[in-house]
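Dumped input-v4.txt below, it's compact mmCIF, C-alpha atoms and all ligand atoms:
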```txt
# COMPACT_ATOMS: atom_id res chain seq x y z
CA MET C 1 4.44 -24.45 -33.36
CA GLU C 2 4.34 -27.62 -31.27
CA LEU C 3 4.06 -26.53 -27.64
CA GLY C 4 4.72 -29.90 -26.05
CA LEU C 5 1.86 -29.54 -23.57
CA ASN C 6 0.34 -32.92 -24.31
CA GLY C 7 -0.55 -34.69 -21.05
CA LYS C 8 0.61 -31.82 -18.82
CA VAL C 9 -1.72 -31.11 -15.92
CA ALA C 10 -2.77 -27.47 -16.04
CA VAL C 11 -4.97 -25.34 -13.76
CA VAL C 12 -6.52 -22.10 -15.02
CA THR C 13 -8.13 -19.85 -12.41
CA GLY C 14 -10.96 -17.70 -13.70
CA GLY C 15 -11.13 -20.32 -16.43
CA GLY C 16 -14.87 -19.97 -16.90
CA SER C 17 -14.86 -16.74 -18.88
CA GLY C 18 -12.85 -14.38 -21.05
CA ILE C 19 -9.07 -14.74 -20.99
CA GLY C 20 -9.14 -17.76 -18.67
CA ARG C 21 -11.65 -19.52 -20.87
CA ALA C 22 -9.60 -18.84 -24.00
CA THR C 23 -6.48 -20.11 -22.22
CA ALA C 24 -8.23 -23.27 -21.03
CA LEU C 25 -9.57 -23.99 -24.52
CA ARG C 26 -6.14 -23.46 -26.10
CA LEU C 27 -4.47 -25.71 -23.50
CA GLY C 28 -7.16 -28.30 -24.21
CA ARG C 29 -6.39 -28.18 -27.94
CA GLU C 30 -2.70 -28.68 -27.07
CA GLY C 31 -3.57 -31.93 -25.30
CA ALA C 32 -3.10 -30.73 -21.74
CA ALA C 33 -5.28 -32.13 -18.95
CA VAL C 34 -7.03 -28.89 -18.05
CA VAL C 35 -8.59 -28.04 -14.71
CA VAL C 36 -11.03 -25.22 -15.33
CA ALA C 37 -11.24 -23.42 -11.98
CA ASP C 38 -13.79 -20.69 -11.41
CA LEU C 39 -15.96 -19.12 -8.76
CA SER C 40 -18.89 -20.01 -10.97
CA ALA C 41 -19.42 -23.78 -11.17
CA GLU C 42 -21.74 -23.25 -14.11
CA ARG C 43 -19.11 -21.40 -16.15
CA ALA C 44 -16.35 -23.86 -15.21
CA ASP C 45 -18.60 -26.79 -16.18
CA ALA C 46 -19.42 -25.22 -19.53
CA VAL C 47 -15.78 -24.65 -20.48
CA ALA C 48 -14.70 -28.11 -19.31
CA ALA C 49 -17.55 -29.61 -21.35
CA GLN C 50 -16.46 -27.64 -24.40
CA ILE C 51 -12.90 -28.97 -24.10
CA ILE C 52 -14.14 -32.53 -23.74
CA ALA C 53 -16.57 -32.13 -26.66
CA ALA C 54 -13.62 -31.05 -28.80
CA GLY C 55 -11.75 -34.26 -27.92
CA GLY C 56 -9.68 -32.84 -25.06
CA THR C 57 -9.30 -33.69 -21.38
CA ALA C 58 -10.76 -31.41 -18.74
CA LEU C 59 -12.11 -31.21 -15.21
CA SER C 60 -14.37 -28.53 -13.80
CA ALA C 61 -13.35 -27.26 -10.36
CA ALA C 62 -15.52 -24.66 -8.67
CA GLY C 63 -13.79 -22.64 -5.99
CA ASP C 64 -12.95 -19.19 -4.75
CA ALA C 65 -9.30 -18.64 -5.70
CA SER C 66 -8.97 -15.84 -3.16
CA THR C 67 -9.38 -18.15 -0.15
CA ILE C 68 -7.13 -20.87 1.29
CA ASP C 69 -10.01 -23.35 1.26
CA GLY C 70 -10.99 -22.52 -2.32
CA ILE C 71 -7.44 -22.91 -3.63
CA ASP C 72 -7.00 -26.12 -1.68
CA ARG C 73 -10.24 -27.51 -3.09
CA ILE C 74 -9.12 -26.71 -6.64
CA ALA C 75 -5.64 -28.16 -6.07
CA THR C 76 -6.91 -31.32 -4.37
CA SER C 77 -9.43 -31.96 -7.18
CA ALA C 78 -6.66 -31.59 -9.75
CA GLU C 79 -4.21 -33.83 -7.89
CA ASN C 80 -6.79 -36.55 -7.23
CA TRP C 81 -7.66 -36.45 -10.91
CA ARG C 82 -4.26 -36.50 -12.64
CA GLY C 83 -1.48 -36.06 -10.07
CA PRO C 84 0.69 -32.98 -9.53
CA VAL C 85 -0.06 -29.79 -11.40
CA THR C 86 2.90 -28.55 -13.43
CA ARG C 87 1.22 -25.76 -15.42
CA LEU C 88 -0.56 -22.96 -13.62
CA CYS C 89 -2.38 -19.99 -15.12
CA LEU C 90 -3.25 -17.56 -12.31
CA ASN C 91 -5.78 -15.36 -14.00
CA ALA C 92 -8.81 -14.76 -11.74
CA GLY C 93 -9.38 -11.07 -11.29
CA ILE C 94 -11.91 -8.29 -10.93
CA GLY C 95 -11.91 -4.60 -11.71
CA GLY C 96 -13.40 -1.68 -9.92
CA GLU C 97 -14.43 1.83 -10.69
CA GLY C 98 -14.33 4.81 -8.36
CA ASP C 99 -11.63 7.04 -7.02
CA ILE C 100 -9.56 6.93 -3.88
CA ARG C 101 -11.96 9.18 -1.93
CA THR C 102 -15.04 7.07 -2.56
CA MET C 103 -13.76 3.51 -2.69
CA SER C 104 -14.67 1.53 0.42
CA LEU C 105 -12.03 -0.40 2.33
CA GLU C 106 -14.16 -3.50 1.78
CA ASP C 107 -13.99 -3.08 -2.00
CA TRP C 108 -10.26 -2.28 -1.85
CA ARG C 109 -9.64 -5.52 0.05
CA LYS C 110 -11.85 -7.52 -2.28
CA VAL C 111 -9.87 -6.37 -5.33
CA PHE C 112 -6.58 -7.19 -3.63
CA ALA C 113 -7.89 -10.55 -2.40
CA ILE C 114 -8.96 -11.70 -5.85
CA ASN C 115 -6.26 -10.08 -8.00
CA LEU C 116 -3.21 -10.51 -5.78
CA GLU C 117 -3.82 -12.78 -2.78
CA SER C 118 -5.26 -15.48 -5.04
CA GLN C 119 -1.85 -15.68 -6.76
CA PHE C 120 0.00 -15.72 -3.44
CA LEU C 121 -2.24 -18.49 -2.09
CA ALA C 122 -1.97 -20.54 -5.26
CA ALA C 123 1.83 -20.25 -5.28
CA GLN C 124 1.89 -21.42 -1.66
CA ARG C 125 -0.33 -24.42 -2.37
CA PHE C 126 1.06 -25.54 -5.74
CA LEU C 127 4.81 -24.86 -5.51
CA ASP C 128 5.97 -27.81 -3.42
CA PRO C 129 4.16 -30.50 -5.47
CA MET C 130 5.30 -28.81 -8.68
CA ILE C 131 8.92 -28.81 -7.54
CA ALA C 132 8.63 -32.42 -6.35
CA ALA C 133 7.32 -33.31 -9.83
CA GLY C 134 10.46 -31.85 -11.44
CA GLY C 135 9.31 -28.26 -11.95
CA GLY C 136 6.79 -26.48 -14.09
CA ALA C 137 5.55 -23.13 -15.33
CA ILE C 138 3.35 -20.38 -13.94
CA ALA C 139 1.76 -17.68 -16.08
CA THR C 140 -0.13 -14.88 -14.35
CA THR C 141 -2.49 -12.20 -15.56
CA GLY C 142 -1.50 -8.65 -14.76
CA SER C 143 -2.80 -5.63 -16.66
CA PHE C 144 -1.67 -2.54 -18.48
CA GLY C 145 -3.35 -0.89 -15.47
CA ALA C 146 -0.16 -1.76 -13.56
CA PHE C 147 1.58 0.87 -15.71
CA ARG C 148 -1.14 3.42 -16.54
CA SER C 149 -3.80 5.06 -14.39
CA GLY C 150 -6.01 6.68 -17.01
CA HIS C 151 -8.40 3.76 -17.39
CA PRO C 152 -11.34 3.77 -14.93
CA SER C 153 -10.64 0.17 -13.97
CA SER C 154 -7.12 1.02 -12.88
CA THR C 155 -8.15 3.38 -10.11
CA PRO C 156 -7.24 2.99 -7.36
CA ALA C 157 -7.04 -0.64 -6.15
CA TYR C 158 -6.97 -2.34 -9.53
CA GLY C 159 -3.74 -0.80 -10.80
CA ALA C 160 -2.06 -1.14 -7.41
CA SER C 161 -3.00 -4.83 -7.16
CA LYS C 162 -1.82 -5.51 -10.71
CA ALA C 163 1.47 -3.71 -10.11
CA ALA C 164 2.02 -6.02 -7.14
CA VAL C 165 1.23 -9.03 -9.34
CA THR C 166 4.09 -8.09 -11.66
CA GLN C 167 6.51 -8.20 -8.74
CA LEU C 168 5.32 -11.65 -7.65
CA VAL C 169 6.72 -13.36 -10.76
CA ARG C 170 10.10 -11.74 -10.13
CA HIS C 171 10.09 -13.11 -6.59
CA LEU C 172 9.08 -16.57 -7.84
CA THR C 173 11.88 -16.44 -10.40
CA ALA C 174 14.52 -15.33 -7.91
CA ARG C 175 13.58 -18.02 -5.40
CA PHE C 176 12.35 -20.98 -7.43
CA SER C 177 13.94 -20.85 -10.87
CA ALA C 178 16.74 -23.14 -9.69
CA ALA C 179 14.10 -25.63 -8.58
CA GLY C 180 12.71 -25.75 -12.11
CA VAL C 181 9.81 -23.30 -11.77
CA ARG C 182 9.36 -20.61 -14.41
CA ALA C 183 7.02 -17.68 -13.72
CA ASN C 184 6.00 -14.91 -16.10
CA CYS C 185 3.20 -12.37 -16.27
CA ILE C 186 1.10 -11.19 -19.20
CA CYS C 187 -0.27 -7.66 -18.93
CA PRO C 188 -3.13 -7.32 -21.41
CA GLY C 189 -4.55 -4.04 -22.63
CA SER C 190 -8.29 -3.89 -23.29
CA VAL C 191 -9.71 -7.32 -24.11
CA GLU C 192 -13.23 -8.20 -25.30
CA THR C 193 -14.55 -10.09 -22.27
CA GLY C 194 -17.31 -9.83 -19.70
CA PHE C 195 -14.81 -8.29 -17.28
CA GLY C 196 -16.88 -5.25 -16.22
CA ALA C 197 -19.71 -7.46 -14.98
CA THR C 198 -17.76 -8.44 -11.85
CA ALA C 199 -16.47 -4.98 -10.94
CA VAL C 200 -16.65 -3.65 -7.41
CA GLY C 201 -17.96 -0.15 -6.75
CA SER C 202 -21.11 0.72 -8.61
CA GLY C 203 -21.01 -2.69 -10.27
CA THR C 204 -20.33 -1.20 -13.64
CA MET C 205 -17.17 -0.14 -15.37
CA VAL C 206 -16.75 2.65 -17.85
CA THR C 207 -15.17 1.51 -21.07
CA ALA C 208 -12.41 3.94 -21.87
CA PRO C 209 -12.00 5.05 -25.48
CA MET C 210 -9.54 2.85 -27.36
CA ARG C 211 -6.24 4.64 -27.67
CA ALA C 212 -3.94 1.74 -28.51
CA PRO C 213 -2.01 1.85 -31.78
CA ALA C 214 -3.60 -1.50 -32.67
CA GLY C 215 -6.87 0.44 -32.94
CA ARG C 216 -9.03 -2.26 -31.38
CA ARG C 217 -9.50 -4.35 -28.27
CA ALA C 218 -7.85 -7.77 -28.24
CA GLN C 219 -9.86 -10.96 -28.51
CA PRO C 220 -9.38 -13.24 -25.46
CA GLU C 221 -7.78 -15.87 -27.72
CA GLU C 222 -4.93 -13.46 -28.46
CA ILE C 223 -4.07 -13.51 -24.76
CA GLY C 224 -4.79 -17.23 -24.35
CA ASP C 225 -2.25 -18.01 -27.06
CA TRP C 226 0.42 -16.13 -25.10
CA MET C 227 -0.53 -17.94 -21.90
CA ALA C 228 -0.18 -21.33 -23.58
CA PHE C 229 3.21 -20.33 -24.99
CA LEU C 230 4.46 -19.17 -21.57
CA LEU C 231 3.29 -22.44 -20.03
CA SER C 232 5.16 -24.45 -22.66
CA ASP C 233 8.79 -25.49 -22.63
CA ARG C 234 9.22 -23.36 -25.77
CA ALA C 235 9.41 -20.44 -23.36
CA ARG C 236 11.95 -22.16 -21.11
CA HIS C 237 14.45 -19.29 -21.20
CA LEU C 238 11.81 -16.70 -20.30
CA ARG C 239 11.81 -16.09 -16.56
CA GLY C 240 10.35 -13.39 -14.34
CA GLN C 241 9.17 -11.35 -17.31
CA VAL C 242 6.24 -8.97 -17.50
CA ILE C 243 4.97 -8.89 -21.07
CA LEU C 244 2.61 -6.17 -22.21
CA VAL C 245 0.20 -7.56 -24.79
CA ASP C 246 -1.70 -4.31 -25.08
CA GLY C 247 -1.80 -3.38 -28.75
CA GLY C 248 0.91 -0.82 -28.08
CA ARG C 249 -1.19 1.13 -25.61
CA THR C 250 1.63 1.75 -23.13
CA ALA C 251 4.13 2.52 -25.89
CA VAL C 252 2.53 5.84 -26.83
P1 LIG T 301 -14.02 -12.16 -17.03
O1 LIG T 301 -14.88 -11.46 -16.04
O2 LIG T 301 -14.55 -12.46 -18.39
O3 LIG T 301 -13.48 -13.52 -16.39
C1 LIG T 301 -13.04 -13.58 -15.07
C2 LIG T 301 -13.42 -14.93 -14.49
O4 LIG T 301 -12.82 -15.00 -13.18
C3 LIG T 301 -14.92 -15.11 -14.30
O5 LIG T 301 -15.36 -16.34 -14.84
C4 LIG T 301 -15.10 -15.09 -12.78
O6 LIG T 301 -16.17 -15.92 -12.32
C5 LIG T 301 -13.76 -15.59 -12.31
N1 LIG T 301 -13.47 -15.20 -10.95
C6 LIG T 301 -13.67 -14.00 -10.37
N2 LIG T 301 -13.32 -14.03 -9.09
C7 LIG T 301 -12.89 -15.30 -8.85
C8 LIG T 301 -12.40 -15.96 -7.71
N3 LIG T 301 -12.31 -15.34 -6.53
N4 LIG T 301 -12.04 -17.26 -7.81
C9 LIG T 301 -12.15 -17.91 -8.99
N5 LIG T 301 -12.61 -17.33 -10.11
C10 LIG T 301 -12.97 -16.05 -10.03
O7 LIG T 301 -12.74 -11.22 -17.13
P2 LIG T 301 -11.39 -11.29 -18.01
O8 LIG T 301 -11.30 -10.03 -18.77
O9 LIG T 301 -11.23 -12.57 -18.71
O10 LIG T 301 -10.33 -11.17 -16.82
C11 LIG T 301 -9.33 -12.14 -16.58
C12 LIG T 301 -8.11 -11.45 -16.06
O11 LIG T 301 -7.63 -10.55 -17.06
C13 LIG T 301 -8.31 -10.60 -14.79
O12 LIG T 301 -7.24 -10.84 -13.91
C14 LIG T 301 -8.26 -9.19 -15.31
O13 LIG T 301 -7.81 -8.29 -14.34
C15 LIG T 301 -7.30 -9.31 -16.46
N6 LIG T 301 -7.38 -8.25 -17.47
C16 LIG T 301 -8.50 -8.08 -18.22
C17 LIG T 301 -8.52 -7.05 -19.15
C18 LIG T 301 -9.73 -6.81 -20.03
O14 LIG T 301 -9.78 -5.77 -20.72
N7 LIG T 301 -10.70 -7.70 -20.07
C19 LIG T 301 -7.42 -6.21 -19.31
C20 LIG T 301 -6.29 -6.44 -18.54
C21 LIG T 301 -6.28 -7.46 -17.61
```
Go through the file and emit its structure as structure tokens.
Amino acid sequence: MELGLNGKVAVVTGGGSGIGRATALRLGREGAAVVVADLSAERADAVAAQIIAAGGTALSAAGDASTIDGIDRIATSAENWRGPVTRLCLNAGIGGEGDIRTMSLEDWRKVFAINLESQFLAAQRFLDPMIAAGGGAIATTGSFGAFRSGHPSSTPAYGASKAAVTQLVRHLTARFSAAGVRANCICPGSVETGFGATAVGSGTMVTAPMRAPAGRRAQPEEIGDWMAFLLSDRARHLRGQVILVDGGRTAV
């Protein structure tokens, strides 16, 4: 399917690893000008280099997506490079183990800052230029943890932050659809990434037994493909939707 993303300027937060990396690589193959944004300059550089080596167009932008300065640095790099950003994948996120009695307020705030506030800050920074450029598309990463609490990574801040993320795309749709901005959210189930490595709490995450009807964890590319579709005009009638790509985990 031709996605029509050729030449579109796209930013992917958390683009240096896992789902973000797979999304950036897919967007690169579609001909988009991809800004690989990540806290880790090394990871962002590596993914941008991979896109370029494959014949695509990419820029590495290191920055903390959970801060105003970090988002502004990413956005300014992108705009100076190729003009206004019209495709935005807001994907940076961390997990956390622990329960509500033991989780520190500091860790709670860190999870909310990276999972939720990063999307709020990005929307604030990118919306006006996107609208001025004629509109665009935003795809965010939620989680099945917004709907289920049994997984260690969904307790307690993770699931709460991801539930809030699902509401953000509805707000964006209600307020900015008429201005040409589409926003949708993918909620993956378990995906084979390095996700646990950045968890708050003990610094490790327990991998819950796979209970999805699909019988396996998804590969990051299976989520990246959805992200690219949502960012394409092929999905133009899809607005404010929260799509569970979880191997059926929340269906049973
Ligand atoms: P990952 O750890 O492989 O990749 C996350 C990337 O985000 C890393 O490169 C990290 O450096 C970057 N990052 C972290 N904090 C950042 C910040 N403040 N600013 C910029 N970049 C930052 O993990 P992943 O599994 O690819 O996770 C991506 C998203 O998918 C997250 O939002 C996560 O909650 C969500 N998710 C993952 C799973 C899963 O099973 N892996 C399931 C559901 C949802």
* To do: May I have the residues within 6 Å of segment 168-182 of chain C as an MDAnalysis selection string, using all atoms listed in the file and disregarding those fewer than 6 positions away in the same chain?
  => chainID C and resid 135:137 239:240
* To do: Using all atoms listed in the file, find each residue with an atom at most 6 Å away from ligand LIG 301 (chain T) and format the answer as a PyMOL selection string.
  => chain C and resi 13-14+16-20+38-40+63-66+91-94+114+141-143+188-195+198
* To do: Select all residues near (1.6, -23.8, -8.7) (cut-off 8 Å, inclusive, file coordinates), counting only C-alpha atoms, and output them as number ranges by chain.
  => C: 85-88, 122-130, 136-138
* To one decimal place, how far is atom CA of Val36 of chain C from atom CA of Ser60 of chain C in Å? -> 4.9 Å
Please enclose the listed atoms of segment 214-219 of chain C in an axis-aligned box, pad each side by 3 Å, and write out the centre and the three edge lengths in Å, rounded to one decimal, as lines of an AutoDock Vina configuration file.
```
center_x = -6.7
center_y = -5.3
center_z = -30.6
size_x = 12.3
size_y = 17.4
size_z = 10.7
```
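Proximity ranking of C:Leu105, C:Ala164, C:Cys185, C:Met1 relative to Leu230 of chain C places C:Cys185 first, based on only C-alpha atoms.
Straight-line separation from atom CA of Phe147 of chain C to atom CA of Ala163 of chain C: 7.2 Å.
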Taking the point (-3.9, -20.4, -26.0) as given in the file, collect each protein or nucleic acid residue that comes within 9 Å of it, counting all atoms listed in the file, and present the set as a PDB file with C-alpha atoms, in the coordinates of the input.
```
ATOM      1  CA  ALA C  22      -9.600 -18.840 -24.000  1.00  0.00           C
ATOM      2  CA  THR C  23      -6.480 -20.110 -22.220  1.00  0.00           C
ATOM      3  CA  ALA C  24      -8.230 -23.270 -21.030  1.00  0.00           C
ATOM      4  CA  LEU C  25      -9.570 -23.990 -24.520  1.00  0.00           C
ATOM      5  CA  ARG C  26      -6.140 -23.460 -26.100  1.00  0.00           C
ATOM      6  CA  LEU C  27      -4.470 -25.710 -23.500  1.00  0.00           C
ATOM      7  CA  GLY C  28      -7.160 -28.300 -24.210  1.00  0.00           C
ATOM      8  CA  ARG C  29      -6.390 -28.180 -27.940  1.00  0.00           C
ATOM      9  CA  GLU C  30      -2.700 -28.680 -27.070  1.00  0.00           C
ATOM     10  CA  GLU C 221      -7.780 -15.870 -27.720  1.00  0.00           C
ATOM     11  CA  GLU C 222      -4.930 -13.460 -28.460  1.00  0.00           C
ATOM     12  CA  ILE C 223      -4.070 -13.510 -24.760  1.00  0.00           C
ATOM     13  CA  GLY C 224      -4.790 -17.230 -24.350  1.00  0.00           C
ATOM     14  CA  ASP C 225      -2.250 -18.010 -27.060  1.00  0.00           C
ATOM     15  CA  TRP C 226       0.420 -16.130 -25.100  1.00  0.00           C
ATOM     16  CA  MET C 227      -0.530 -17.940 -21.900  1.00  0.00           C
ATOM     17  CA  ALA C 228      -0.180 -21.330 -23.580  1.00  0.00           C
ATOM     18  CA  PHE C 229       3.210 -20.330 -24.990  1.00  0.00           C
TER      19      PHE C 229
END
```
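Remark: for Leu3 of chain C, the closest of the candidate residues C:Met103, C:Ala32, C:Ile52, C:Ile131 is C:Ala32 (distances computed over only C-alpha atoms).
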* When distances are computed from all atoms listed in the file, which of C:Val35, C:Ala251, C:Gly83, C:Gly55 shows the smallest separation from Ala133 of chain C? -> C:Gly83
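Ranking C:Arg43, C:Lys8, C:Arg249, C:Arg236 by their shortest atom-to-atom distance to Ala78 of chain C, with only C-alpha atoms included, puts C:Lys8 first.
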* **Two-atom distance - atom CA of Gly145 of chain C, atom CA of Gly247 of chain C (Å)** => 13.6 Å
* Determine the nearest neighbour of Ala139 of chain C from the options C:Gln50, C:Asn6, C:Gln241, C:Thr67, counting all atoms listed in the file. => C:Gln241
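The residue that comes closest to Ile68 of chain C, out of C:Val111, C:Leu121, C:Ala49, C:Ala33 and on the basis of only C-alpha atoms, is C:Leu121.
The protein and nucleic acid residues lying at most 9 Å from Tyr158 of chain C are C:Ile94, C:Gly95, C:Gly96, C:Glu97, C:Trp108, C:Val111, C:Phe112, C:Asn115, C:Ser143, C:Gly145, C:Ala146, C:Ser153, C:Ser154, C:Thr155, C:Ser161, C:Lys162, C:Ala163, with only C-alpha atoms considered and sequence neighbours fewer than 3 positions away removed.
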